[in-house]
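Asks: This is entry29.cif (mmCIF, C-alpha atoms).
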data_final
#
loop_
_atom_site.group_PDB
_atom_site.id
_atom_site.type_symbol
_atom_site.label_atom_id
_atom_site.label_comp_id
_atom_site.auth_asym_id
_atom_site.auth_seq_id
_atom_site.Cartn_x
_atom_site.Cartn_y
_atom_site.Cartn_z
ATOM 1 C CA MET A 1 43.893 -79.369 -141.093
ATOM 2 C CA ILE A 2 47.563 -78.797 -140.256
ATOM 3 C CA GLU A 3 46.776 -78.964 -136.536
ATOM 4 C CA ASN A 4 45.195 -82.369 -137.142
ATOM 5 C CA MET A 5 48.617 -83.597 -138.272
ATOM 6 C CA PHE A 6 50.018 -83.071 -134.772
ATOM 7 C CA ASP A 7 50.635 -86.150 -132.655
ATOM 8 C CA TYR A 8 52.447 -85.656 -129.335
ATOM 9 C CA ALA A 9 54.128 -89.053 -129.331
ATOM 10 C CA ARG A 10 55.503 -88.546 -132.856
ATOM 11 C CA ALA A 11 56.514 -84.935 -132.243
ATOM 12 C CA TYR A 12 58.664 -85.850 -129.248
ATOM 13 C CA ALA A 13 59.746 -89.340 -130.248
ATOM 14 C CA ARG A 14 63.381 -88.255 -130.658
ATOM 15 C CA ASN A 15 63.537 -87.366 -126.956
ATOM 16 C CA ILE A 16 62.994 -91.017 -126.064
ATOM 17 C CA GLY A 17 66.239 -92.628 -125.075
ATOM 18 C CA TRP A 18 67.422 -89.685 -123.042
ATOM 19 C CA VAL A 19 64.057 -89.797 -121.268
ATOM 20 C CA THR A 20 61.652 -92.716 -120.955
ATOM 21 C CA ARG A 21 58.157 -92.649 -122.421
ATOM 22 C CA GLU A 22 56.787 -92.350 -118.904
ATOM 23 C CA GLU A 23 59.065 -89.377 -118.203
ATOM 24 C CA GLN A 24 57.991 -87.734 -121.449
ATOM 25 C CA GLN A 25 54.401 -87.888 -120.234
ATOM 26 C CA ARG A 26 55.472 -86.256 -116.978
ATOM 27 C CA LEU A 27 57.040 -83.426 -118.963
ATOM 28 C CA ARG A 28 53.783 -83.149 -120.888
ATOM 29 C CA THR A 29 51.841 -82.475 -117.686
ATOM 30 C CA GLY A 30 54.509 -80.353 -115.967
ATOM 31 C CA ARG A 31 53.869 -76.630 -115.595
ATOM 32 C CA VAL A 32 56.743 -74.168 -115.940
ATOM 33 C CA ALA A 33 56.346 -70.473 -115.123
ATOM 34 C CA ILE A 34 58.502 -68.025 -117.105
ATOM 35 C CA ALA A 35 58.508 -64.320 -116.249
ATOM 36 C CA GLY A 36 59.955 -62.243 -119.064
ATOM 37 C CA LEU A 37 59.988 -63.319 -122.716
ATOM 38 C CA GLY A 38 62.933 -61.288 -123.957
ATOM 39 C CA GLY A 39 66.468 -62.449 -124.722
ATOM 40 C CA VAL A 40 66.450 -65.477 -122.463
ATOM 41 C CA GLY A 41 62.744 -65.884 -121.623
ATOM 42 C CA GLY A 42 61.570 -66.359 -125.195
ATOM 43 C CA ALA A 43 64.292 -68.927 -125.831
ATOM 44 C CA HIS A 44 63.329 -70.670 -122.577
ATOM 45 C CA LEU A 45 59.724 -71.015 -123.715
ATOM 46 C CA LEU A 46 60.535 -72.379 -127.164
ATOM 47 C CA THR A 47 63.212 -74.760 -125.869
ATOM 48 C CA LEU A 48 60.901 -76.164 -123.204
ATOM 49 C CA ALA A 49 58.079 -76.449 -125.750
ATOM 50 C CA ARG A 50 60.391 -78.503 -127.991
ATOM 51 C CA LEU A 51 61.302 -80.623 -124.968
ATOM 52 C CA GLY A 52 57.627 -81.502 -124.659
ATOM 53 C CA VAL A 53 56.671 -79.525 -121.562
ATOM 54 C CA GLY A 54 52.928 -79.098 -121.987
ATOM 55 C CA THR A 55 51.794 -76.311 -119.665
ATOM 56 C CA PHE A 56 53.143 -72.836 -118.996
ATOM 57 C CA ASN A 57 52.516 -69.586 -117.182
ATOM 58 C CA VAL A 58 54.192 -66.736 -119.103
ATOM 59 C CA ALA A 59 54.373 -63.020 -118.342
ATOM 60 C CA ASP A 60 55.705 -59.996 -120.228
ATOM 61 C CA PHE A 61 54.336 -56.488 -120.773
ATOM 62 C CA ASP A 62 56.806 -55.446 -123.497
ATOM 63 C CA VAL A 63 56.648 -55.279 -127.299
ATOM 64 C CA PHE A 64 59.343 -56.156 -129.825
ATOM 65 C CA ASP A 65 61.615 -53.442 -131.211
ATOM 66 C CA VAL A 66 64.634 -53.279 -133.539
ATOM 67 C CA PRO A 67 67.280 -53.443 -130.746
ATOM 68 C CA ASN A 68 65.891 -56.911 -129.895
ATOM 69 C CA PHE A 69 66.942 -58.342 -133.283
ATOM 70 C CA ASN A 70 70.445 -59.415 -132.220
ATOM 71 C CA ARG A 71 69.333 -61.936 -129.609
ATOM 72 C CA GLN A 72 65.604 -62.342 -128.923
ATOM 73 C CA ALA A 73 63.529 -65.268 -130.154
ATOM 74 C CA GLY A 74 60.570 -63.931 -132.143
ATOM 75 C CA ALA A 75 62.167 -60.565 -132.928
ATOM 76 C CA GLY A 76 62.065 -59.500 -136.597
ATOM 77 C CA LEU A 77 60.592 -56.957 -138.969
ATOM 78 C CA GLY A 78 57.234 -58.694 -138.882
ATOM 79 C CA THR A 79 56.938 -58.485 -135.100
ATOM 80 C CA VAL A 80 58.082 -54.913 -134.367
ATOM 81 C CA GLY A 81 55.497 -53.309 -132.102
ATOM 82 C CA ARG A 82 53.759 -56.603 -131.331
ATOM 83 C CA PRO A 83 53.495 -57.893 -127.732
ATOM 84 C CA LYS A 84 56.142 -60.464 -126.867
ATOM 85 C CA VAL A 85 53.575 -62.600 -125.054
ATOM 86 C CA GLU A 86 51.424 -62.746 -128.200
ATOM 87 C CA VAL A 87 54.308 -63.566 -130.554
ATOM 88 C CA LEU A 88 56.031 -66.155 -128.361
ATOM 89 C CA THR A 89 52.776 -67.863 -127.417
ATOM 90 C CA ALA A 90 51.960 -68.262 -131.109
ATOM 91 C CA LEU A 91 55.433 -69.641 -131.870
ATOM 92 C CA ALA A 92 55.171 -72.122 -129.003
ATOM 93 C CA ARG A 93 51.727 -73.272 -130.127
ATOM 94 C CA ASP A 94 53.091 -73.735 -133.639
ATOM 95 C CA ILE A 95 55.410 -76.327 -132.093
ATOM 96 C CA ASN A 96 52.696 -77.915 -129.964
ATOM 97 C CA PRO A 97 49.099 -76.795 -130.619
ATOM 98 C CA GLU A 98 47.952 -78.662 -127.510
ATOM 99 C CA LEU A 99 49.864 -76.372 -125.144
ATOM 100 C CA ASP A 100 48.083 -74.991 -122.104
ATOM 101 C CA ILE A 101 49.494 -71.469 -121.739
ATOM 102 C CA ARG A 102 48.285 -68.987 -119.161
ATOM 103 C CA ALA A 103 49.452 -65.597 -120.400
ATOM 104 C CA PHE A 104 49.974 -62.479 -118.288
ATOM 105 C CA PRO A 105 50.321 -59.642 -120.850
ATOM 106 C CA GLU A 106 50.600 -57.007 -118.118
ATOM 107 C CA GLY A 107 53.629 -58.753 -116.636
ATOM 108 C CA VAL A 108 53.995 -60.033 -113.096
ATOM 109 C CA ARG A 109 52.148 -58.085 -110.438
ATOM 110 C CA VAL A 110 54.714 -57.259 -107.796
ATOM 111 C CA ASP A 111 51.986 -57.148 -105.153
ATOM 112 C CA ALA A 112 50.565 -60.546 -106.175
ATOM 113 C CA PRO A 113 53.232 -62.792 -107.771
ATOM 114 C CA GLU A 114 51.328 -65.820 -106.456
ATOM 115 C CA ASP A 115 48.738 -65.312 -109.215
ATOM 116 C CA PHE A 116 51.422 -65.754 -111.848
ATOM 117 C CA LEU A 117 52.988 -68.752 -110.072
ATOM 118 C CA ALA A 118 49.713 -70.620 -109.509
ATOM 119 C CA GLY A 119 50.119 -74.313 -110.267
ATOM 120 C CA ALA A 120 53.773 -74.030 -111.304
ATOM 121 C CA ASP A 121 56.121 -76.947 -110.706
ATOM 122 C CA VAL A 122 59.211 -74.928 -111.636
ATOM 123 C CA TYR A 123 59.955 -71.236 -112.141
ATOM 124 C CA VAL A 124 62.481 -70.193 -114.800
ATOM 125 C CA ASP A 125 63.656 -66.590 -114.613
ATOM 126 C CA GLY A 126 63.516 -64.612 -117.862
ATOM 127 C CA LEU A 127 63.134 -61.115 -116.424
ATOM 128 C CA ASP A 128 65.206 -58.204 -117.677
ATOM 129 C CA PHE A 129 68.476 -57.804 -115.775
ATOM 130 C CA PHE A 130 67.262 -54.537 -114.266
ATOM 131 C CA ALA A 131 63.805 -55.754 -113.171
ATOM 132 C CA PHE A 132 64.874 -55.696 -109.530
ATOM 133 C CA GLU A 133 61.496 -55.281 -107.851
ATOM 134 C CA ALA A 134 59.728 -57.928 -109.910
ATOM 135 C CA ARG A 135 62.609 -60.397 -109.578
ATOM 136 C CA ALA A 136 62.797 -60.037 -105.800
ATOM 137 C CA ALA A 137 59.019 -60.469 -105.503
ATOM 138 C CA VAL A 138 58.872 -63.591 -107.687
ATOM 139 C CA PHE A 139 61.808 -65.343 -106.027
ATOM 140 C CA ALA A 140 60.434 -64.527 -102.568
ATOM 141 C CA ALA A 141 57.066 -65.984 -103.603
ATOM 142 C CA CYS A 142 58.779 -69.119 -104.927
ATOM 143 C CA ALA A 143 60.445 -69.578 -101.545
ATOM 144 C CA ARG A 144 57.114 -69.162 -99.727
ATOM 145 C CA LEU A 145 55.304 -71.561 -102.064
ATOM 146 C CA GLY A 146 58.057 -74.187 -102.220
ATOM 147 C CA ILE A 147 58.601 -73.772 -105.976
ATOM 148 C CA PRO A 148 62.143 -74.465 -107.240
ATOM 149 C CA ALA A 149 63.515 -71.498 -109.188
ATOM 150 C CA VAL A 150 66.209 -71.383 -111.876
ATOM 151 C CA THR A 151 68.045 -68.297 -113.102
ATOM 152 C CA ALA A 152 70.477 -68.492 -116.033
ATOM 153 C CA ALA A 153 72.194 -65.256 -117.043
ATOM 154 C CA PRO A 154 73.717 -64.410 -120.436
ATOM 155 C CA LEU A 155 77.169 -63.023 -119.636
ATOM 156 C CA GLY A 156 79.528 -62.271 -122.479
ATOM 157 C CA MET A 157 79.290 -65.252 -124.813
ATOM 158 C CA GLY A 158 78.512 -67.702 -122.039
ATOM 159 C CA VAL A 159 76.100 -68.504 -119.243
ATOM 160 C CA ALA A 160 76.086 -68.456 -115.447
ATOM 161 C CA TRP A 161 73.347 -70.151 -113.464
ATOM 162 C CA LEU A 162 72.001 -70.596 -109.952
ATOM 163 C CA ASN A 163 69.152 -72.663 -108.534
ATOM 164 C CA PHE A 164 67.106 -71.642 -105.523
ATOM 165 C CA LEU A 165 65.442 -74.717 -104.100
ATOM 166 C CA PRO A 166 62.850 -75.230 -101.357
ATOM 167 C CA GLY A 167 64.529 -75.456 -97.955
ATOM 168 C CA ALA A 168 67.873 -74.199 -99.282
ATOM 169 C CA MET A 169 69.406 -70.722 -99.451
ATOM 170 C CA SER A 170 66.977 -68.059 -100.657
ATOM 171 C CA PHE A 171 67.505 -65.490 -103.396
ATOM 172 C CA GLU A 172 67.609 -62.627 -100.863
ATOM 173 C CA ASP A 173 69.990 -64.463 -98.527
ATOM 174 C CA TYR A 174 72.341 -65.015 -101.460
ATOM 175 C CA PHE A 175 72.246 -61.647 -103.249
ATOM 176 C CA ARG A 176 71.460 -59.502 -100.163
ATOM 177 C CA TRP A 177 69.710 -56.717 -102.043
ATOM 178 C CA GLY A 178 67.613 -55.381 -99.193
ATOM 179 C CA ASP A 179 66.573 -51.787 -99.836
ATOM 180 C CA ARG A 180 69.856 -50.802 -101.482
ATOM 181 C CA PRO A 181 69.943 -48.443 -104.513
ATOM 182 C CA ASP A 182 69.463 -49.946 -107.957
ATOM 183 C CA ASP A 183 73.131 -49.473 -108.946
ATOM 184 C CA GLU A 184 74.189 -51.519 -105.940
ATOM 185 C CA LYS A 185 71.574 -54.176 -106.705
ATOM 186 C CA ALA A 186 72.901 -54.409 -110.262
ATOM 187 C CA LEU A 187 76.467 -54.895 -109.044
ATOM 188 C CA ARG A 188 75.399 -57.461 -106.477
ATOM 189 C CA PHE A 189 73.369 -59.338 -109.067
ATOM 190 C CA MET A 190 76.221 -59.396 -111.577
ATOM 191 C CA VAL A 191 78.883 -60.409 -109.076
ATOM 192 C CA GLY A 192 76.621 -62.932 -107.376
ATOM 193 C CA LEU A 193 75.584 -64.597 -110.620
ATOM 194 C CA ALA A 194 79.142 -65.258 -111.737
ATOM 195 C CA PRO A 195 81.689 -65.197 -108.904
ATOM 196 C CA ALA A 196 84.269 -66.757 -111.242
ATOM 197 C CA GLY A 197 83.940 -63.784 -113.628
ATOM 198 C CA LEU A 198 84.972 -65.770 -116.700
ATOM 199 C CA HIS A 199 83.403 -63.156 -118.987
ATOM 200 C CA ARG A 200 85.203 -60.098 -117.640
ATOM 201 C CA GLY A 201 88.445 -60.452 -119.565
ATOM 202 C CA TYR A 202 87.074 -59.839 -123.056
ATOM 203 C CA LEU A 203 84.714 -56.872 -122.741
ATOM 204 C CA VAL A 204 86.288 -54.737 -125.477
ATOM 205 C CA ASP A 205 84.121 -51.626 -124.980
ATOM 206 C CA PRO A 206 83.380 -50.850 -121.306
ATOM 207 C CA SER A 207 81.279 -47.843 -122.348
ATOM 208 C CA SER A 208 78.617 -50.298 -123.563
ATOM 209 C CA VAL A 209 77.772 -50.955 -119.896
ATOM 210 C CA ASN A 210 75.600 -48.148 -118.572
ATOM 211 C CA LEU A 211 73.826 -48.986 -115.329
ATOM 212 C CA ALA A 212 72.197 -45.558 -115.085
ATOM 213 C CA ALA A 213 70.597 -46.041 -118.519
ATOM 214 C CA ARG A 214 69.879 -49.705 -117.700
ATOM 215 C CA ARG A 215 71.778 -50.847 -120.749
ATOM 216 C CA GLY A 216 74.366 -53.548 -121.319
ATOM 217 C CA PRO A 217 75.651 -55.734 -124.164
ATOM 218 C CA SER A 218 74.284 -59.225 -124.800
ATOM 219 C CA THR A 219 74.820 -61.919 -127.422
ATOM 220 C CA VAL A 220 72.520 -64.484 -128.993
ATOM 221 C CA MET A 221 75.003 -67.268 -128.177
ATOM 222 C CA ALA A 222 74.709 -66.483 -124.493
ATOM 223 C CA CYS A 223 70.904 -66.404 -124.648
ATOM 224 C CA GLN A 224 70.775 -69.766 -126.412
ATOM 225 C CA LEU A 225 73.160 -71.291 -123.883
ATOM 226 C CA CYS A 226 70.925 -69.971 -121.093
ATOM 227 C CA ALA A 227 67.939 -71.739 -122.643
ATOM 228 C CA GLY A 228 69.799 -75.025 -122.880
ATOM 229 C CA VAL A 229 70.973 -74.842 -119.286
ATOM 230 C CA ALA A 230 67.635 -73.693 -117.856
ATOM 231 C CA ALA A 231 65.698 -76.361 -119.772
ATOM 232 C CA THR A 232 68.059 -79.050 -118.503
ATOM 233 C CA GLU A 233 67.700 -77.870 -114.903
ATOM 234 C CA ALA A 234 63.911 -77.727 -115.343
ATOM 235 C CA LEU A 235 63.906 -81.254 -116.783
ATOM 236 C CA LYS A 236 65.839 -82.577 -113.778
ATOM 237 C CA LEU A 237 63.463 -80.844 -111.386
ATOM 238 C CA LEU A 238 60.331 -82.045 -113.189
ATOM 239 C CA LEU A 239 61.545 -85.632 -113.444
ATOM 240 C CA GLY A 240 63.333 -85.825 -110.107
ATOM 241 C CA ARG A 241 66.375 -87.275 -111.845
ATOM 242 C CA GLY A 242 69.871 -85.845 -111.997
ATOM 243 C CA THR A 243 71.782 -83.581 -109.609
ATOM 244 C CA VAL A 244 70.534 -80.039 -109.183
ATOM 245 C CA HIS A 245 72.965 -77.850 -107.246
ATOM 246 C CA ALA A 246 71.347 -75.285 -104.967
ATOM 247 C CA ALA A 247 72.767 -71.865 -104.163
ATOM 248 C CA PRO A 248 75.283 -71.011 -102.809
ATOM 249 C CA VAL A 249 76.734 -73.378 -105.434
ATOM 250 C CA GLY A 250 76.873 -71.699 -108.842
ATOM 251 C CA MET A 251 78.078 -72.648 -112.316
ATOM 252 C CA GLN A 252 79.497 -70.659 -115.227
ATOM 253 C CA PHE A 253 80.412 -71.852 -118.713
ATOM 254 C CA ASP A 254 82.182 -69.585 -121.184
ATOM 255 C CA PRO A 255 82.933 -71.110 -124.605
ATOM 256 C CA PHE A 256 84.850 -68.001 -125.690
ATOM 257 C CA ARG A 257 87.296 -68.633 -122.864
ATOM 258 C CA ASN A 258 87.005 -72.426 -123.206
ATOM 259 C CA ARG A 259 86.386 -72.578 -119.484
ATOM 260 C CA MET A 260 83.902 -73.984 -116.991
ATOM 261 C CA ALA A 261 83.769 -72.963 -113.324
ATOM 262 C CA ARG A 262 81.910 -74.243 -110.275
ATOM 263 C CA THR A 263 81.736 -71.793 -107.391
ATOM 264 C CA TRP A 264 80.674 -72.052 -103.770
ATOM 265 C CA ARG A 265 79.928 -68.878 -101.864
ATOM 266 C CA PRO A 266 78.530 -69.553 -98.386
ATOM 267 C CA PHE A 267 76.669 -66.438 -97.199
ATOM 268 C CA GLY A 268 76.361 -65.350 -100.846
ATOM 269 C CA ASN A 269 77.440 -61.762 -101.374
ATOM 270 C CA ALA A 270 78.420 -61.550 -97.698
ATOM 271 C CA HIS A 271 81.243 -64.014 -98.358
ATOM 272 C CA PRO A 272 84.686 -62.329 -97.955
ATOM 273 C CA LEU A 273 85.668 -62.997 -101.574
ATOM 274 C CA GLN A 274 82.385 -61.499 -102.776
ATOM 275 C CA ARG A 275 82.911 -58.410 -100.639
ATOM 276 C CA LEU A 276 86.312 -57.874 -102.234
ATOM 277 C CA THR A 277 84.884 -58.347 -105.726
ATOM 278 C CA LEU A 278 82.018 -55.959 -104.998
ATOM 279 C CA ALA A 279 84.457 -53.320 -103.755
ATOM 280 C CA ALA A 280 86.483 -53.666 -106.961
ATOM 281 C CA ALA A 281 83.296 -53.440 -109.048
ATOM 282 C CA ARG A 282 82.279 -50.228 -107.280
ATOM 283 C CA ARG A 283 85.693 -48.678 -107.984
ATOM 284 C CA GLN A 284 85.450 -49.685 -111.648
ATOM 285 C CA LEU A 285 81.950 -48.177 -111.879
ATOM 286 C CA ARG A 286 83.212 -44.886 -110.439
ATOM 287 C CA ARG A 287 86.066 -44.816 -112.972
ATOM 288 C CA MET A 288 83.679 -45.509 -115.852
ATOM 289 C CA ARG A 289 81.383 -42.698 -114.739
ATOM 290 C CA ALA A 290 84.294 -40.288 -114.378
ATOM 291 C CA ALA A 291 85.459 -41.109 -117.898
ATOM 292 C CA SER A 292 82.020 -40.640 -119.478
#
Let's see the structure in the file written out as structure tokens.
Replies:
Amino acid sequence: MIENMFDYARAYARNIGWVTREEQQRLRTGRVAIAGLGGVGGAHLLTLARLGVGTFNVADFDVFDVPNFNRQAGAGLGTVGRPKVEVLTALARDINPELDIRAFPEGVRVDAPEDFLAGADVYVDGLDFFAFEARAAVFAACARLGIPAVTAAPLGMGVAWLNFLPGAMSFEDYFRWGDRPDDEKALRFMVGLAPAGLHRGYLVDPSSVNLAARRGPSTVMACQLCAGVAATEALKLLLGRGTVHAAPVGMQFDPFRNRMARTWRPFGNAHPLQRLTLAAARRQLRRMRAAS
């Protein structure tokens, strides 16, 4: 009976004004793929569902646990041990029971990311920071299939984001991971995501960053900002309205620092400034390991 109360036009009426009724219908039929439903991915799904996006592909193999409570949508005592795909899909359908959601509870198959991306108009990255193999595979598949891809990273109490668009610079050309060790990939990902480094000045406990243990600090404010940014970029891509900057242009907003930065790094991590920053990051990592 409650489901019978749902009416799409009424549910999303307050969007009208910032989008037209015709554009709202385009959002309704747009398909967004989200890999990872953790800190940022779960917030992406719920934000896009509230925007009125009507179809999704979602993938995550993980279950909720207590350390997720500080930042992840859907995490609480009632969901500990439950699959994130199951919980987030139910929450999204509670917003819009008409949603078409293709769920991949085993996560993205690295050897066949095209299955996960089938039919997608936009890909929004929600993978764990350290999911190097899966992330490289999905972004490479997006480039092959001509699917625009958005990644928004929670850094400190802010957000940094990059867009990889068809015909523009690819994820690999920007980050230049290649077959490098995971520690080097992590450094390259972190430095490449936020060349301005607005978040670096207020990390009060460096020991909280442990690349070997694949652990780092994260805040709910940053995750929520990521969802707002990623949903806005997805909206622009789905509607074909508004400027979407492609890598090597990047953006970072840090409300703790009251600062916004726009960066441009031709050649990505091969840019001279990036090389210097990477060298400094490697020295800092060595010092942290020596002190531990």
Asks: Name all residues at most 8 Å from Pro206 of chain A (count all atoms listed in the file; drop same-chain ones fewer than 3 positions away) and give them as a list in words.
Replies: Leu203, Val209 and Met288 of chain A
Asks: Using atom CA of Arg262 of chain A and atom CA of Ala196 of chain A as the two end points, give the distance in Å to one decimal.
Replies: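 Spanning atom CA of Arg262 of chain A to atom CA of Ala196 of chain A is a straight-line distance of 7.9 Å.
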Asks: Could you write out as JSON, numbers by chain the residues that the PyMOL selection byres ((chain A and resi 8-24) around 9) matches in the shown file?
Replies: {"A": [6, 7, 25, 26, 27, 28, 29, 50, 51, 52, 53, 95, 96, 98, 238, 239]}
Asks: On this structure, which residues satisfy the PyMOL selection byres ((chain A and resi 201) around 12), written as number ranges by chain?
Replies: A: 155-157, 196-200, 202-206, 254, 256-257
Asks: So how far away is atom CA of Ala227 of chain A from atom CA of Thr55 of chain A, in Å?
Replies: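 Calculated distance between atom CA of Thr55 of chain A and atom CA of Ala227 of chain A is 17.0 Å.
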Asks: Name the residues that the PyMOL selection byres ((chain A and resi 71-75) around 6) pulls out of this structure, and write them as a list in words.
Replies: Gly38, Gly39, Gly42, Ala43, Asn68, Phe69, Asn70, Gly76, Thr219 and Val220 of chain A
Asks: Env of segment 116-119 of chain A: 12 Å cut, atoms = all atoms listed in the file, seq-sep filter 4 positions within chain, self excluded. Answer as a PyMOL selection string.
Replies: chain A and resi 29-36+55-60+101-112+123-125+134+137-149
Asks: What is the atom CA of Gly158 of chain A to atom CA of Ala222 of chain A distance in Å?
Replies: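 Atom CA of Ala222 of chain A lies at a distance of 4.7 Å from atom CA of Gly158 of chain A.
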Asks: Which residue gives the smallest distance to Val85 of chain A among A:Leu285, A:Asp100, A:Leu37, A:Arg241, with all atoms listed in the file counted?
Replies: A:Leu37
Asks: Find the residue from A:Thr89, A:Thr263, A:Thr47, A:Asn269 that sits nearest to Glu184 of chain A; use all atoms listed in the file when measuring.
Replies: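 Using all atoms listed in the file, Glu184 of chain A sits closest to A:Asn269.
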Asks: Counting all atoms listed in the file, which of A:Val40, A:Leu46, A:Met5, A:Ala247 gets nearest to Pro166 of chain A?
Replies: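 Among A:Val40, A:Leu46, A:Met5, A:Ala247, it is A:Ala247 that comes nearest to Pro166 of chain A.
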Asks: Using only C-alpha atoms, find the one residue out of A:Arg283, A:Ala246, A:Ala291, A:Gly41 that sits nearest to Gly167 of chain A.
Replies: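 Closest candidate: A:Ala246.
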Asks: Within 10 Å of Val244 of chain A, counting all atoms listed in the file, which residues show up once you throw out same-chain ones fewer than 4 positions away? Write them as a ChimeraX atom specification, please.
Replies: /A:162-165,232-234,236-237,240,249
